[in-house]
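File shown: target35.cif (mmCIF, C-alpha atoms).
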```cif
data_coords
#
loop_
_atom_site.label_atom_id
_atom_site.label_comp_id
_atom_site.auth_asym_id
_atom_site.auth_seq_id
_atom_site.Cartn_x
_atom_site.Cartn_y
_atom_site.Cartn_z
CA MET A 30 -23.36 33.33 9.37
CA ASP A 31 -21.43 30.75 7.32
CA VAL A 32 -22.87 30.14 3.85
CA ILE A 33 -20.67 27.25 2.71
CA ILE A 34 -19.53 24.03 4.34
CA THR A 35 -16.57 21.85 3.34
CA ALA A 36 -16.78 18.13 2.69
CA LYS A 37 -14.73 17.49 5.83
CA GLU A 38 -17.07 19.62 7.91
CA TRP A 39 -20.09 17.85 6.44
CA ALA A 40 -18.61 14.45 7.30
CA SER A 41 -18.35 15.59 10.91
CA GLU A 42 -21.79 17.21 11.14
CA SER A 43 -23.58 14.37 9.35
CA ALA A 44 -22.25 11.94 11.94
CA GLY A 45 -23.80 13.92 14.80
CA GLU A 46 -26.93 13.09 16.74
CA ARG A 47 -29.04 15.60 14.80
CA PRO A 48 -27.41 16.27 11.44
CA PRO A 49 -28.61 19.06 9.16
CA THR A 50 -31.20 18.28 6.53
CA LEU A 51 -29.37 17.46 3.29
CA LEU A 52 -30.85 18.33 -0.11
CA ASP A 53 -29.49 17.10 -3.45
CA ILE A 54 -30.23 19.56 -6.27
CA ARG A 55 -28.89 17.75 -9.36
CA TYR A 56 -29.41 19.95 -12.41
CA ARG A 57 -28.08 20.48 -15.91
CA PRO A 58 -29.27 23.57 -17.82
CA GLY A 59 -31.46 22.33 -20.64
CA GLY A 60 -30.92 18.72 -19.59
CA PRO A 61 -33.22 16.08 -18.11
CA PRO A 62 -34.14 16.08 -14.40
CA GLY A 63 -31.41 14.87 -12.10
CA ARG A 64 -33.41 12.21 -10.28
CA PRO A 65 -31.96 9.23 -12.24
CA GLN A 66 -28.43 10.35 -11.35
CA TYR A 67 -29.51 10.86 -7.74
CA GLU A 68 -31.00 7.36 -7.59
CA ALA A 69 -27.80 5.90 -9.06
CA GLY A 70 -25.79 7.24 -6.12
CA HIS A 71 -26.03 10.11 -3.65
CA LEU A 72 -24.74 11.29 -0.30
CA PRO A 73 -26.20 9.30 2.58
CA GLY A 74 -29.38 10.93 3.86
CA ALA A 75 -29.76 13.33 0.93
CA VAL A 76 -33.25 14.07 -0.37
CA TYR A 77 -33.65 14.96 -4.04
CA VAL A 78 -35.20 18.32 -4.95
CA ASP A 79 -36.07 19.14 -8.56
CA MET A 80 -34.62 22.50 -9.62
CA ASP A 81 -37.12 23.19 -12.41
CA ALA A 82 -40.24 21.79 -10.73
CA GLU A 83 -39.73 22.87 -7.11
CA LEU A 84 -37.36 25.85 -7.12
CA ALA A 85 -38.90 27.74 -10.03
CA GLY A 86 -42.26 28.53 -11.55
CA GLU A 87 -43.43 27.96 -15.10
CA PRO A 88 -41.30 29.76 -17.71
CA GLY A 89 -42.94 32.68 -19.46
CA GLY A 90 -43.01 36.44 -19.40
CA ARG A 91 -41.31 36.54 -15.99
CA GLY A 92 -38.33 34.59 -17.32
CA ARG A 93 -37.18 30.99 -17.65
CA HIS A 94 -36.89 30.38 -13.90
CA PRO A 95 -39.28 32.75 -12.12
CA LEU A 96 -40.03 32.36 -8.44
CA PRO A 97 -42.33 29.41 -7.77
CA ASP A 98 -45.71 29.62 -6.12
CA ILE A 99 -44.71 30.18 -2.51
CA ALA A 100 -47.21 27.67 -1.09
CA ALA A 101 -46.00 24.98 -3.50
CA PHE A 102 -42.39 25.75 -2.61
CA GLY A 103 -43.17 25.44 1.10
CA ALA A 104 -44.93 22.13 0.54
CA ALA A 105 -41.94 20.81 -1.43
CA MET A 106 -39.54 21.80 1.33
CA ARG A 107 -41.68 20.17 4.00
CA ARG A 108 -41.85 16.97 1.93
CA ALA A 109 -38.06 17.06 1.85
CA GLY A 110 -38.02 17.25 5.65
CA VAL A 111 -37.02 20.89 6.01
CA ARG A 112 -37.64 22.26 9.47
CA SER A 113 -37.33 25.84 10.67
CA ASP A 114 -35.26 24.83 13.70
CA ARG A 115 -32.85 22.54 11.87
CA PRO A 116 -29.96 23.67 9.62
CA VAL A 117 -30.04 22.78 5.94
CA VAL A 118 -27.14 21.85 3.65
CA VAL A 119 -27.63 21.79 -0.12
CA HIS A 120 -25.43 20.51 -2.94
CA ASP A 121 -25.45 19.56 -6.60
CA ASP A 122 -23.01 17.77 -8.88
CA GLY A 123 -22.14 20.55 -11.27
CA LEU A 124 -21.13 24.17 -11.11
CA GLY A 125 -22.96 24.83 -7.86
CA TRP A 126 -25.61 26.97 -9.56
CA ALA A 127 -28.61 24.84 -8.59
CA ALA A 128 -27.38 24.42 -5.02
CA ALA A 129 -26.94 28.18 -4.78
CA ARG A 130 -30.48 28.70 -6.09
CA ALA A 131 -31.78 26.39 -3.34
CA TRP A 132 -29.67 28.24 -0.77
CA TRP A 133 -31.01 31.58 -1.99
CA MET A 134 -34.63 30.40 -2.12
CA LEU A 135 -34.57 29.07 1.42
CA ARG A 136 -32.80 32.14 2.80
CA TRP A 137 -35.14 34.49 0.90
CA ALA A 138 -38.07 32.54 2.31
CA GLY A 139 -36.84 33.03 5.87
CA HIS A 140 -34.93 29.89 6.80
CA PRO A 141 -32.26 30.97 9.29
CA SER A 142 -29.49 28.46 8.53
CA VAL A 143 -28.64 27.22 5.04
CA ARG A 144 -25.21 26.33 3.65
CA VAL A 145 -23.92 25.04 0.33
CA LEU A 146 -21.55 22.05 0.26
CA ASP A 147 -18.44 23.59 -1.30
CA GLY A 148 -17.55 21.67 -4.45
CA GLY A 149 -20.69 19.55 -4.26
CA LEU A 150 -20.75 15.83 -4.87
CA ALA A 151 -17.31 15.85 -6.51
CA ALA A 152 -15.70 17.35 -3.42
CA TRP A 153 -17.43 14.76 -1.24
CA THR A 154 -16.19 11.78 -3.25
CA ALA A 155 -12.72 13.33 -3.65
CA ALA A 156 -12.51 13.49 0.14
CA GLY A 157 -13.32 9.77 0.36
CA GLY A 158 -17.02 10.16 1.06
CA GLU A 159 -19.26 7.25 0.15
CA LEU A 160 -22.42 7.29 -1.94
CA THR A 161 -25.56 5.23 -1.46
CA THR A 162 -28.61 4.21 -3.49
CA GLU A 163 -30.82 4.08 -0.40
CA VAL A 164 -33.54 6.72 -0.78
CA PRO A 165 -34.49 8.21 2.61
CA ALA A 166 -38.07 8.81 3.70
CA PRO A 167 -37.80 11.99 5.77
CA ALA A 168 -40.35 12.95 8.37
CA GLU A 169 -42.56 15.84 7.23
CA GLY A 170 -40.92 19.16 7.95
CA ASP A 171 -42.56 22.25 9.42
CA PHE A 172 -40.94 25.04 7.37
CA VAL A 173 -43.40 27.75 6.34
CA PRO A 174 -41.90 30.30 3.93
CA GLU A 175 -41.97 33.96 4.88
CA PRO A 176 -40.58 35.70 1.79
CA GLY A 177 -38.54 38.86 1.97
CA ALA A 178 -35.48 37.94 4.03
CA LEU A 179 -33.22 38.65 1.03
CA PRO A 180 -33.65 41.54 -1.43
CA VAL A 181 -34.99 41.04 -4.94
CA LEU A 182 -35.14 43.24 -8.02
CA ASP A 183 -37.63 43.52 -10.84
CA ALA A 184 -36.72 44.85 -14.28
CA ASP A 185 -37.24 48.49 -13.34
CA GLY A 186 -35.33 48.01 -10.12
CA ALA A 187 -32.41 46.41 -11.95
CA ALA A 188 -32.26 49.30 -14.41
CA ALA A 189 -32.31 51.83 -11.60
CA LEU A 190 -29.66 50.01 -9.58
CA ALA A 191 -27.35 49.91 -12.61
CA ARG A 192 -27.45 53.71 -12.57
CA ARG A 193 -27.03 54.32 -8.83
CA GLY A 194 -25.05 51.27 -7.70
CA VAL A 195 -23.38 48.16 -9.14
CA LEU A 196 -25.32 45.66 -11.25
CA LEU A 197 -23.28 42.54 -11.99
CA ASP A 198 -23.97 40.32 -15.01
CA ALA A 199 -23.03 36.76 -14.01
CA ARG A 200 -23.19 35.26 -17.51
CA ALA A 201 -20.19 34.39 -19.66
CA GLY A 202 -18.39 37.41 -21.06
CA GLU A 203 -19.32 36.65 -24.67
CA ARG A 204 -23.02 36.68 -23.78
CA TYR A 205 -22.62 39.95 -21.89
CA ARG A 206 -20.88 41.51 -24.89
CA GLY A 207 -23.63 40.30 -27.22
CA GLU A 208 -21.33 38.12 -29.31
CA VAL A 209 -23.48 35.02 -28.81
CA GLU A 210 -26.87 34.28 -27.28
CA PRO A 211 -27.74 30.57 -27.15
CA LEU A 212 -30.95 30.84 -25.13
CA ASP A 213 -32.69 34.19 -25.42
CA ALA A 214 -34.01 36.14 -28.40
CA VAL A 215 -31.78 39.18 -27.95
CA ALA A 216 -28.03 39.36 -27.29
CA GLY A 217 -26.38 41.92 -25.04
CA HIS A 218 -26.73 43.20 -21.50
CA ILE A 219 -28.65 45.64 -19.32
CA PRO A 220 -27.23 49.14 -19.84
CA GLY A 221 -24.84 50.02 -17.03
CA ALA A 222 -24.27 46.42 -15.95
CA VAL A 223 -20.74 45.14 -15.27
CA SER A 224 -19.52 41.79 -16.60
CA ALA A 225 -18.73 39.39 -13.75
CA PRO A 226 -18.80 35.76 -14.97
CA THR A 227 -19.80 33.27 -12.28
CA THR A 228 -17.07 30.87 -13.39
CA GLU A 229 -14.47 33.23 -11.91
CA ASN A 230 -15.85 32.65 -8.41
CA VAL A 231 -14.35 29.17 -8.18
CA THR A 232 -11.05 27.38 -8.65
CA GLU A 233 -10.37 24.70 -11.24
CA ASP A 234 -11.61 22.03 -8.83
CA GLY A 235 -14.95 23.78 -8.39
CA LEU A 236 -14.32 25.12 -4.89
CA PHE A 237 -15.04 28.73 -3.99
CA ARG A 238 -12.02 30.96 -3.99
CA PRO A 239 -10.96 32.14 -0.50
CA ALA A 240 -12.94 35.06 0.88
CA PRO A 241 -10.06 37.58 0.48
CA GLU A 242 -9.68 36.65 -3.19
CA LEU A 243 -13.40 37.00 -3.81
CA ALA A 244 -13.49 40.32 -1.96
CA ALA A 245 -10.64 41.60 -4.13
CA ARG A 246 -12.33 40.37 -7.29
CA PHE A 247 -15.59 42.11 -6.50
CA ALA A 248 -13.84 45.25 -5.29
CA ASP A 249 -12.18 45.50 -8.71
CA LEU A 250 -15.69 45.48 -10.18
CA GLY A 251 -16.88 48.19 -7.80
CA ALA A 252 -18.80 45.84 -5.50
CA THR A 253 -17.46 46.55 -2.04
CA GLY A 254 -20.67 46.98 -0.08
CA ALA A 255 -20.26 50.75 -0.07
CA ALA A 256 -22.82 50.95 -2.88
CA GLU A 257 -25.90 48.84 -3.56
CA VAL A 258 -25.12 45.64 -5.43
CA GLY A 259 -27.44 43.61 -7.63
CA VAL A 260 -26.88 40.51 -9.76
CA TYR A 261 -28.57 38.96 -12.78
CA CYS A 262 -27.73 36.18 -15.22
CA GLY A 263 -29.74 34.39 -17.89
CA SER A 264 -32.62 33.16 -15.77
CA GLY A 265 -31.79 33.80 -12.11
CA VAL A 266 -29.92 30.57 -11.35
CA SER A 267 -26.21 31.26 -11.84
CA ALA A 268 -26.81 34.75 -10.41
CA ALA A 269 -27.66 33.05 -7.10
CA HIS A 270 -24.17 31.52 -7.20
CA GLU A 271 -22.73 35.01 -7.63
CA ILE A 272 -24.75 36.24 -4.65
CA LEU A 273 -23.41 33.30 -2.65
CA ALA A 274 -19.85 34.24 -3.65
CA LEU A 275 -20.54 37.84 -2.67
CA ALA A 276 -21.83 36.58 0.69
CA VAL A 277 -18.57 34.66 1.19
CA ALA A 278 -16.79 37.95 0.51
CA GLY A 279 -19.04 39.79 2.96
CA VAL A 280 -20.93 41.84 0.35
CA PRO A 281 -24.76 41.76 0.41
CA ALA A 282 -26.54 41.78 -2.95
CA ALA A 283 -30.02 41.68 -4.46
CA LEU A 284 -31.12 39.15 -7.09
CA TYR A 285 -32.92 40.11 -10.28
CA VAL A 286 -34.81 36.84 -10.54
CA GLY A 287 -36.21 37.38 -14.04
CA SER A 288 -32.73 38.24 -15.30
CA TRP A 289 -31.90 38.48 -19.00
CA SER A 290 -34.62 36.02 -20.02
CA GLU A 291 -37.23 38.44 -18.69
CA TRP A 292 -35.45 41.66 -19.64
CA SER A 293 -34.87 40.65 -23.27
CA SER A 294 -38.46 39.46 -23.77
CA ASP A 295 -39.69 43.07 -23.83
CA PRO A 296 -38.58 44.88 -27.02
CA ALA A 297 -39.14 48.23 -25.29
CA ARG A 298 -36.27 47.62 -22.88
CA PRO A 299 -32.87 48.97 -23.94
CA VAL A 300 -30.00 46.61 -24.74
CA ALA A 301 -26.28 47.37 -24.61
CA THR A 302 -23.51 45.43 -26.33
CA GLY A 303 -19.74 45.46 -26.30
CA ALA A 304 -17.18 45.27 -23.53
CA ASP A 305 -17.90 48.57 -21.83
CA ALA A 306 -20.58 48.77 -19.13
CA GLY A 307 -23.49 50.82 -20.40
#
```

Taking this structure as input, can you express it in the form of structure tokens?
Amino acid sequence: MDVIITAKEWASESAGERPPTLLDIRYRPGGPPGRPQYEAGHLPGAVYVDMDAELAGEPGGRGRHPLPDIAAFGAAMRRAGVRSDRPVVVHDDGLGWAAARAWWMLRWAGHPSVRVLDGGLAAWTAAGGELTTEVPAPAEGDFVPEPGALPVLDADGAAALARRGVLLDARAGERYRGEVEPLDAVAGHIPGAVSAPTTENVTEDGLFRPAPELAARFADLGATGAAEVGVYCGSGVSAAHEILALAVAGVPAALYVGSWSEWSSDPARPVATGADAG
């Protein structure tokens, strides 16, 4: 199943008799909600979804972006018009992290057809696509989440996978190495994890690299699908982008949702630093 859609493809599908449901997931880490930017101009038909309020639970011991209450998530998706029998396309206006989190959440919750607009809003406008300030009022959807369609890891599971398979750390290399840590109390990485910055999944214009390039990149890191693959980041958002890139390359992977923000909150958990995995 395709996991990304180009701006040209979206232009064609959105003009059809029954276009996919379109969700706008504007988000800036540590920044204000994206609704004002959405209201200032968005893709025609797009419904705004709040990354922090609707795609994550309250921050705490489970990390900065734990899974939301599943009933609340389902209600938010139905308010946005999501239906089980209708494809969904999601996008943001940044690095693609928030859109990938929405993609992952919906797929994990059992929706059969979700794609990310490759390059997001910038790719749409670069292709000549128009924006609108008209806010749609979608009919109530019928999507009822059934979690478990995609694999997840907890802290113990991530530690075990790092020993028996390939655990990718999607954060910037300097955070992996423990040189800096702007968000969490402890710097470093999960012992055995391999540095795989999310930024290397895309080209300079923010589009995903072609599938063969991504497959080669992940193969160099040991992630070929022959062994179990897991991914974590700071709080489980950019790691979803890595899982999306792995899906483009044809490699399935599990998400450690709590990620480093959960792992590092427990002083009993081991921490590794430096360039070498482990």

Practice problem: For each of A:Leu236, A:Leu284, A:Ala301, A:Leu179, take the minimum atom-to-atom distance to A:Gly221, counting only C-alpha atoms, then give the residue where this is smallest. | Solution: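 Smallest separation from A:Gly221 among the options: A:Ala301.
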
Given the file shown, enumerate the residues that the PyMOL selection byres ((chain A and resi 239-255) around 10) captures and present them as a tab-separated table (two decimals) with C-alpha atoms, in the coordinates of the input.
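Ended up saving to expr.tsv:
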```
chain	number	residue	atom	x	y	z
A	194	GLY	CA	-25.05	51.27	-7.70
A	195	VAL	CA	-23.38	48.16	-9.14
A	196	LEU	CA	-25.32	45.66	-11.25
A	197	LEU	CA	-23.28	42.54	-11.99
A	223	VAL	CA	-20.74	45.14	-15.27
A	224	SER	CA	-19.52	41.79	-16.60
A	225	ALA	CA	-18.73	39.39	-13.75
A	229	GLU	CA	-14.47	33.23	-11.91
A	230	ASN	CA	-15.85	32.65	-8.41
A	231	VAL	CA	-14.35	29.17	-8.18
A	232	THR	CA	-11.05	27.38	-8.65
A	236	LEU	CA	-14.32	25.12	-4.89
A	237	PHE	CA	-15.04	28.73	-3.99
A	238	ARG	CA	-12.02	30.96	-3.99
A	256	ALA	CA	-22.82	50.95	-2.88
A	257	GLU	CA	-25.90	48.84	-3.56
A	258	VAL	CA	-25.12	45.64	-5.43
A	259	GLY	CA	-27.44	43.61	-7.63
A	274	ALA	CA	-19.85	34.24	-3.65
A	275	LEU	CA	-20.54	37.84	-2.67
A	276	ALA	CA	-21.83	36.58	0.69
A	277	VAL	CA	-18.57	34.66	1.19
A	278	ALA	CA	-16.79	37.95	0.51
A	279	GLY	CA	-19.04	39.79	2.96
A	280	VAL	CA	-20.93	41.84	0.35
A	281	PRO	CA	-24.76	41.76	0.41
A	282	ALA	CA	-26.54	41.78	-2.95
```

Next item on the list: Compile the contact shell of stretch 141-157 of chain A as a count of residues only: residues with an atom at most 8 Å away, counting all atoms listed in the file, same-chain residues fewer than 5 positions apart removed.
Entry: 32

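For the structure in this document, the set picked by the PyMOL selection byres ((chain A and resi 55) around 8) is Asp53, Ile54, Tyr56, Arg57, Pro62, Gly63, Arg64, Gln66, Tyr67, Tyr77, Val78, Asp79, Met80, His120, Asp121, Asp122, Gly123 and Ala127 of chain A.
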
Can those selected residues be exported to a file as an mmCIF file, in the coordinates of the input so that it contains C-alpha atoms?
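Written file, part19.cif:
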```cif
data_model
loop_
_atom_site.group_PDB
_atom_site.id
_atom_site.type_symbol
_atom_site.label_atom_id
_atom_site.label_comp_id
_atom_site.auth_asym_id
_atom_site.auth_seq_id
_atom_site.Cartn_x
_atom_site.Cartn_y
_atom_site.Cartn_z
ATOM 1 C CA ASP A 53 -29.490 17.100 -3.450
ATOM 2 C CA ILE A 54 -30.230 19.560 -6.270
ATOM 3 C CA TYR A 56 -29.410 19.950 -12.410
ATOM 4 C CA ARG A 57 -28.080 20.480 -15.910
ATOM 5 C CA PRO A 62 -34.140 16.080 -14.400
ATOM 6 C CA GLY A 63 -31.410 14.870 -12.100
ATOM 7 C CA ARG A 64 -33.410 12.210 -10.280
ATOM 8 C CA GLN A 66 -28.430 10.350 -11.350
ATOM 9 C CA TYR A 67 -29.510 10.860 -7.740
ATOM 10 C CA TYR A 77 -33.650 14.960 -4.040
ATOM 11 C CA VAL A 78 -35.200 18.320 -4.950
ATOM 12 C CA ASP A 79 -36.070 19.140 -8.560
ATOM 13 C CA MET A 80 -34.620 22.500 -9.620
ATOM 14 C CA HIS A 120 -25.430 20.510 -2.940
ATOM 15 C CA ASP A 121 -25.450 19.560 -6.600
ATOM 16 C CA ASP A 122 -23.010 17.770 -8.880
ATOM 17 C CA GLY A 123 -22.140 20.550 -11.270
ATOM 18 C CA ALA A 127 -28.610 24.840 -8.590
#
```

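Between atom CA of A:Ser264 and atom CA of A:Ala69 lies a distance of 28.5 Å.
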
How many Å lie between atom CA of A:Pro180 and atom CA of A:Pro211, rounded to one decimal?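 Straight-line distance from atom CA of A:Pro180 to atom CA of A:Pro211 works out to 28.6 Å.
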
- Query: Using all atoms listed in the file, which residue out of A:Arg130, A:Arg47, A:Arg112, A:Arg204 lies closest to A:Glu83?
  - Reply: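 Under the stated criterion, the closest residue is A:Arg130.
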
*What separation in Å, quoted to one decimal, exists between atom CA of A:Leu84 and atom CA of A:Phe102?*
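Straight-line distance from atom CA of A:Leu84 to atom CA of A:Phe102 works out to 6.8 Å.
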
**Message:** As a check of understanding, name the residues that the PyMOL selection byres ((chain A and resi 294) around 10) selects in the supplied structure, as a list in words.
**Reply:** Gly89, Gly90, Arg91, Gly92, Asp213, Ala214, Val215, Trp289, Ser290, Glu291, Trp292, Ser293, Asp295, Pro296, Ala297 and Arg298 of chain A

Just the selected residues (C-alpha atoms), exported as a short mmCIF file (atom, residue, chain, number, x, y, z; two decimals), in the frame of the given file, please.
```cif
data_model
loop_
_atom_site.label_atom_id
_atom_site.label_comp_id
_atom_site.auth_asym_id
_atom_site.auth_seq_id
_atom_site.Cartn_x
_atom_site.Cartn_y
_atom_site.Cartn_z
CA GLY A 89 -42.94 32.68 -19.46
CA GLY A 90 -43.01 36.44 -19.40
CA ARG A 91 -41.31 36.54 -15.99
CA GLY A 92 -38.33 34.59 -17.32
CA ASP A 213 -32.69 34.19 -25.42
CA ALA A 214 -34.01 36.14 -28.40
CA VAL A 215 -31.78 39.18 -27.95
CA TRP A 289 -31.90 38.48 -19.00
CA SER A 290 -34.62 36.02 -20.02
CA GLU A 291 -37.23 38.44 -18.69
CA TRP A 292 -35.45 41.66 -19.64
CA SER A 293 -34.87 40.65 -23.27
CA ASP A 295 -39.69 43.07 -23.83
CA PRO A 296 -38.58 44.88 -27.02
CA ALA A 297 -39.14 48.23 -25.29
CA ARG A 298 -36.27 47.62 -22.88
#
```

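Distances from A:Glu87, A:Ser267, A:Arg93, A:Ala100 to A:Pro174 were compared using all atoms listed in the file, and the smallest one belongs to A:Ala100.
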
One residue among A:Val266, A:Ala138, A:Ala104, A:Ile99 is nearest to A:Pro58 when using all atoms listed in the file, and that residue is A:Val266

Option closest in space to A:Ala222, from A:Leu160, A:Ala304, A:Ala105, A:Ala269 [counting only C-alpha atoms]: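 Answer, going by the shortest atom-to-atom distance: A:Ala304.
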